[in-house]
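The structure appears below as structure tokens.
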Amino acid sequence: MKRQTGLLFTAIVAVSVIVVLIATGPEKPDKGLFPGDLDENQLLARDLFRQLIEIDTTHSTGDTSVAANAMADRLLSAGFAAEDVRVLGEIPNRGNLVARLHGDGSREPILLLAHLDVVEAEKTDWSVDPFEFLERDGYFYGRGTADDKAQAAIWIANLIRMKKDGYAPNRDIIVALTADEEGGDNNGVAWLLGNHRDLIEAEYVLNEGGRGAIIDGKKVFNAVQVSEKIYQSFRIDVRNRGGHSSLPVPENAIYTLAQVLLNIAAYEFPVNLSEDTKIFFEKMAPTQTTAIASDMLAVSRSPTDPDAAARLAKNPALNAMLRTTCVATGLSGGHAENALPQLASAVINCRILPGESSEMVQAALAELIANEKIQLTSIWDGVASNPSPLLPEIFESVENISARIWPGVIVTPIMIPGATDGLYLRNAGIPTYGVTGMFFDINDTRAHGMDERILVQSFFEGQEFLYQLVSELSSE
Ligand SMILES: [Zn+2]
């Protein structure tokens, strides 16, 4: 399945921008679970993390097979049978790892998913080497530290820990580390679903896409991603006969396009809250100032209070949760300085709420354009995915473990405006939950950007949280 390189934001970015509410100031991490002296499981996780960060898995020069094989070797050394550790892919440098710890088969398997590929990183754009694992001032630095190699390292370290401890789950635990989540033509999840579905068949999936939020130095919520917006792009082409620029005529492709773009800029799609977003606002309200809290409660009730929605929508992150959005992201036009333009074009990128459709959005844009001579075409067809059900066993476990590790932290389902590979799995009928237990300051989002990093404490707490979560889900 094709995905457009570089255009898909990963969820991990998206979640962190969702609540840019009242938080300001630097983070002041609490002491938390991670004490300083690492045990052997933590040392292993950090070592795997280092190894993954230092293997280039970018689209341009990287190779996910190298990373997949490195992790496969670790599993084989830990005693996994060769038939339970597979590296396979559509093309040689886009390998995926699929590994299995056998359970007693009383329940369907769980799939633990992370992607191996990372967004491009130029050394010259960073203050540190993006492909050198660096621990400094309480952070691990490197491309992929936040998205998504921490989770990849943790899945492998925890699987080895289970094996070593002789843990006997009631279901198979499958780990898949995959290629081309960030873009490219060889998406590992889509390929595995299409070609080796038996290897990853599961009752449900744990994936990236959810995370913990640190606001004002305090851990506030641990979000479980259950749905995501649809990514869809259109191009608008305005054509004109053109002519000599010394003889202007009223009908000018650039002016016409400009007018159309102003119409789109002024338009707001209707507020439409999914069930997940209603619960999110209800859960978040107590953490907010009185005014924002009452607006959050007002929009979470039916019918939604339009004035409250309008006030919340002033925050771009909340606006993205309240409605479908479309925005101009590209512009071109004209062919010569001294000629009337024959063509003016714009790219419009839309993020469509689950439950709405690309056709609905295209129809709304066509109405705003209101000119049959102007072409509106899809340049990237959105793939919709239905929200995953709020499975009690997952939410109860996440609640219980979060309460033990981070007393007072709120657990909430979340719809994210970005995209993950969860959409392929949800569309294949396998519910998918973005859950990591790794906390990030909401004002310090660096995934896809320069000097990507994760708090050392967040990494090890995430490791412990995910170990307990997978254990609970495979022993009940
Ligand atoms: Zn990611």
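Naming works like this for the structure tokens: A, B, ... for the chains as they're shown, residue 1 at the start of each chain, ligands 1 onward in shown order.
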Closest atom pairs, chain A residues within 12 Å of ligand 1, only C-alpha atoms and all ligand atoms, as a tab-separated table:
residue	atom	partner	partner_atom_place_in_ligand_line	distance
A:Leu8	CA	ligand 1	1 (Zn)	9.6
A:Phe9	CA	ligand 1	1 (Zn)	8.0
A:Thr10	CA	ligand 1	1 (Zn)	4.7
A:Ala11	CA	ligand 1	1 (Zn)	6.2
A:Ile12	CA	ligand 1	1 (Zn)	5.9
A:Val13	CA	ligand 1	1 (Zn)	8.1
A:Ala14	CA	ligand 1	1 (Zn)	10.1
A:Val15	CA	ligand 1	1 (Zn)	11.2
A:Leu113	CA	ligand 1	1 (Zn)	10.5
A:Ala114	CA	ligand 1	1 (Zn)	7.6
A:His115	CA	ligand 1	1 (Zn)	6.4
A:Leu116	CA	ligand 1	1 (Zn)	8.7
A:Asp117	CA	ligand 1	1 (Zn)	8.3
A:Val118	CA	ligand 1	1 (Zn)	7.6
A:Val119	CA	ligand 1	1 (Zn)	9.0
A:Arg143	CA	ligand 1	1 (Zn)	11.4
A:Gly144	CA	ligand 1	1 (Zn)	8.4
A:Thr145	CA	ligand 1	1 (Zn)	10.3
A:Ala146	CA	ligand 1	1 (Zn)	8.1
A:Asp147	CA	ligand 1	1 (Zn)	4.6
A:Asp148	CA	ligand 1	1 (Zn)	4.8
A:Lys149	CA	ligand 1	1 (Zn)	8.5
A:Ala150	CA	ligand 1	1 (Zn)	10.3
A:Gln151	CA	ligand 1	1 (Zn)	9.6
A:Ala152	CA	ligand 1	1 (Zn)	10.4
A:Leu177	CA	ligand 1	1 (Zn)	11.3
A:Thr178	CA	ligand 1	1 (Zn)	10.6
A:Ala179	CA	ligand 1	1 (Zn)	10.7
A:Asp180	CA	ligand 1	1 (Zn)	9.9
A:Glu181	CA	ligand 1	1 (Zn)	6.8
A:Glu182	CA	ligand 1	1 (Zn)	6.8
A:Gly183	CA	ligand 1	1 (Zn)	10.4
A:Asn207	CA	ligand 1	1 (Zn)	9.2
A:Glu208	CA	ligand 1	1 (Zn)	6.3
A:Gly209	CA	ligand 1	1 (Zn)	7.3
A:Gly210	CA	ligand 1	1 (Zn)	10.4
A:Arg211	CA	ligand 1	1 (Zn)	11.6
A:Gly418	CA	ligand 1	1 (Zn)	10.0
A:Ala419	CA	ligand 1	1 (Zn)	8.7
A:Thr420	CA	ligand 1	1 (Zn)	6.7
A:Asp421	CA	ligand 1	1 (Zn)	8.5
A:Gly422	CA	ligand 1	1 (Zn)	10.5
A:Gly434	CA	ligand 1	1 (Zn)	10.5
A:Thr436	CA	ligand 1	1 (Zn)	11.7
A:Ala447	CA	ligand 1	1 (Zn)	8.3
A:His448	CA	ligand 1	1 (Zn)	9.0
8 Å contact set for A:Leu206, only C-alpha atoms, chain neighbours under 2 positions out, as JSON, numbers by chain: {"A": [110, 111, 112, 113, 204, 208, 432, 433, 434, 435]}
Would you write out those residues with C-alpha atoms, as a compact mmCIF listing (two decimals), in the first residue's frame?
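Generated output (selection_38.txt):
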# COMPACT_ATOMS: atom_id res chain seq x y z
CA ILE A 110 -1.47 -9.97 21.31
CA LEU A 111 0.63 -8.10 18.76
CA LEU A 112 3.17 -5.57 20.05
CA LEU A 113 4.04 -3.18 17.22
CA TYR A 204 -5.61 -6.72 19.36
CA GLU A 208 2.69 3.86 19.25
CA THR A 432 -5.30 -1.21 17.85
CA TYR A 433 -4.36 0.80 20.91
CA GLY A 434 -1.61 3.40 21.00
CA VAL A 435 -0.14 3.05 24.46
- request: Pick out each residue of stretch 1-245 of chain A that DSSP on the backbone tags as alpha helix (DSSP H); I need them as a ChimeraX atom specification.
  value: /A:11-18,40-53,64-77,149-164,188-195,197-200
message: Going by DSSP on the backbone, which residues of stretch 27-152 of chain A come out as strand (DSSP E)? List them as a ChimeraX atom specification.
response: /A:85-89,95-101,110-115,134-136,139-141
Using the selection just defined, write its residues with N, CA and C atoms as a compact mmCIF listing (two decimals), in the first residue's frame.
# COMPACT_ATOMS: atom_id res chain seq x y z
N VAL A 85 11.49 -16.39 15.05
CA VAL A 85 12.13 -15.10 14.81
C VAL A 85 12.32 -14.95 13.31
N ARG A 86 11.50 -14.13 12.69
CA ARG A 86 11.56 -14.02 11.23
C ARG A 86 11.90 -12.59 10.82
N VAL A 87 12.78 -12.45 9.85
CA VAL A 87 13.01 -11.14 9.23
C VAL A 87 12.57 -11.28 7.78
N LEU A 88 11.61 -10.48 7.38
CA LEU A 88 11.07 -10.62 6.04
C LEU A 88 10.50 -9.29 5.57
N GLY A 89 10.49 -9.11 4.25
CA GLY A 89 10.02 -7.83 3.73
C GLY A 89 9.83 -7.90 2.23
N GLY A 95 13.26 -4.61 5.50
CA GLY A 95 12.89 -5.79 6.28
C GLY A 95 12.08 -5.45 7.51
N ASN A 96 11.27 -6.42 7.92
CA ASN A 96 10.49 -6.33 9.14
C ASN A 96 10.84 -7.53 10.01
N LEU A 97 10.80 -7.32 11.32
CA LEU A 97 11.02 -8.42 12.25
C LEU A 97 9.69 -8.86 12.84
N VAL A 98 9.45 -10.17 12.83
CA VAL A 98 8.29 -10.70 13.54
C VAL A 98 8.78 -11.82 14.45
N ALA A 99 8.53 -11.66 15.75
CA ALA A 99 8.99 -12.65 16.73
C ALA A 99 7.83 -13.06 17.61
N ARG A 100 7.93 -14.30 18.14
CA ARG A 100 6.79 -14.83 18.89
C ARG A 100 7.27 -15.55 20.16
N LEU A 101 6.64 -15.17 21.27
CA LEU A 101 6.81 -15.93 22.52
C LEU A 101 5.53 -16.74 22.69
N ILE A 110 -1.58 -11.44 21.31
CA ILE A 110 -1.47 -9.97 21.31
C ILE A 110 -0.31 -9.63 20.39
N LEU A 111 -0.46 -8.59 19.61
CA LEU A 111 0.63 -8.10 18.76
C LEU A 111 1.18 -6.80 19.36
N LEU A 112 2.49 -6.77 19.56
CA LEU A 112 3.17 -5.57 20.05
C LEU A 112 3.92 -4.97 18.87
N LEU A 113 3.55 -3.77 18.48
CA LEU A 113 4.04 -3.18 17.22
C LEU A 113 4.86 -1.92 17.48
N ALA A 114 5.94 -1.78 16.72
CA ALA A 114 6.67 -0.50 16.67
C ALA A 114 7.30 -0.42 15.29
N HIS A 115 7.60 0.79 14.84
CA HIS A 115 8.25 0.87 13.53
C HIS A 115 9.73 1.17 13.67
N LEU A 134 23.22 9.30 22.66
CA LEU A 134 23.87 10.17 23.65
C LEU A 134 22.97 10.31 24.86
N GLU A 135 23.54 10.08 26.05
CA GLU A 135 22.81 10.35 27.28
C GLU A 135 23.38 11.63 27.88
N ARG A 136 22.52 12.62 28.08
CA ARG A 136 23.01 13.89 28.60
C ARG A 136 21.90 14.62 29.36
N TYR A 139 18.49 12.99 29.54
CA TYR A 139 17.81 12.63 28.29
C TYR A 139 18.66 11.64 27.48
N PHE A 140 17.97 10.83 26.69
CA PHE A 140 18.62 10.11 25.61
C PHE A 140 18.34 10.88 24.31
N TYR A 141 19.43 11.18 23.57
CA TYR A 141 19.30 11.91 22.31
C TYR A 141 19.55 10.98 21.12
message: Using only C-alpha atoms, which protein or nucleic acid residues come within 7 Å of A:Asn427? Drop anything in the same chain fewer than 3 positions from it, and give the result as a list in words.
response: Ser385, Leu423 and Tyr424 of chain A
Generate the output file for the selected residues, C-alpha atoms, as a PDB file, in the first residue's frame.
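Result file is again37.pdb:
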ATOM      1  CA  SER A 385     -10.250   3.687   9.840  1.00  0.00           C
ATOM      2  CA  LEU A 423      -5.148   2.366  10.473  1.00  0.00           C
ATOM      3  CA  TYR A 424      -4.116  -0.700   8.445  1.00  0.00           C
TER       4      TYR A 424
END
- prompt: Counting only C-alpha atoms, what is within 12 Å of A:Asp237, bar same-chain residues fewer than 5 positions away, as a PyMOL selection string?
  reply: chain A and resi 253-254+256-258+260-261+330-334+341-348+369+371-379
Within 12 Å of A:Ala403 using only C-alpha atoms, minus same-chain residues under 3 positions, as a count of residues only: 18
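Picture a line from atom CA of A:Glu464 to atom CA of A:Met438; it runs 10.0 Å.
Across the model, the gap from atom CA of A:Ile352 to atom CA of A:Ala265 is 16.1 Å.
Nearest to A:Ile174 of all the residues A:Arg446, A:Thr329, A:Ser474, A:Ser106 is A:Ser474, based on only C-alpha atoms.
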message: List the spatial neighbours of A:Pro109 as a PyMOL selection string - criterion: any atom at most 6 Å away, only C-alpha atoms, same-chain residues fewer than 2 positions off excluded.
response: chain A and resi 171-173+202-203
Output of the above residues as a PDB file, in the first residue's frame, restricted to C-alpha atoms:
ATOM      1  CA  ARG A 171      -1.602 -16.362  24.741  1.00  0.00           C
ATOM      2  CA  ASP A 172       1.172 -15.890  22.202  1.00  0.00           C
ATOM      3  CA  ILE A 173       2.919 -12.558  22.437  1.00  0.00           C
ATOM      4  CA  ALA A 202      -3.926 -11.139  16.931  1.00  0.00           C
ATOM      5  CA  GLU A 203      -6.927 -10.271  19.056  1.00  0.00           C
TER       6      GLU A 203
END
statement: Between A:Glu268, A:Glu201, A:Asp47, A:Asp295, smallest distance to A:Ile156 by only C-alpha atoms belongs to A:Asp47
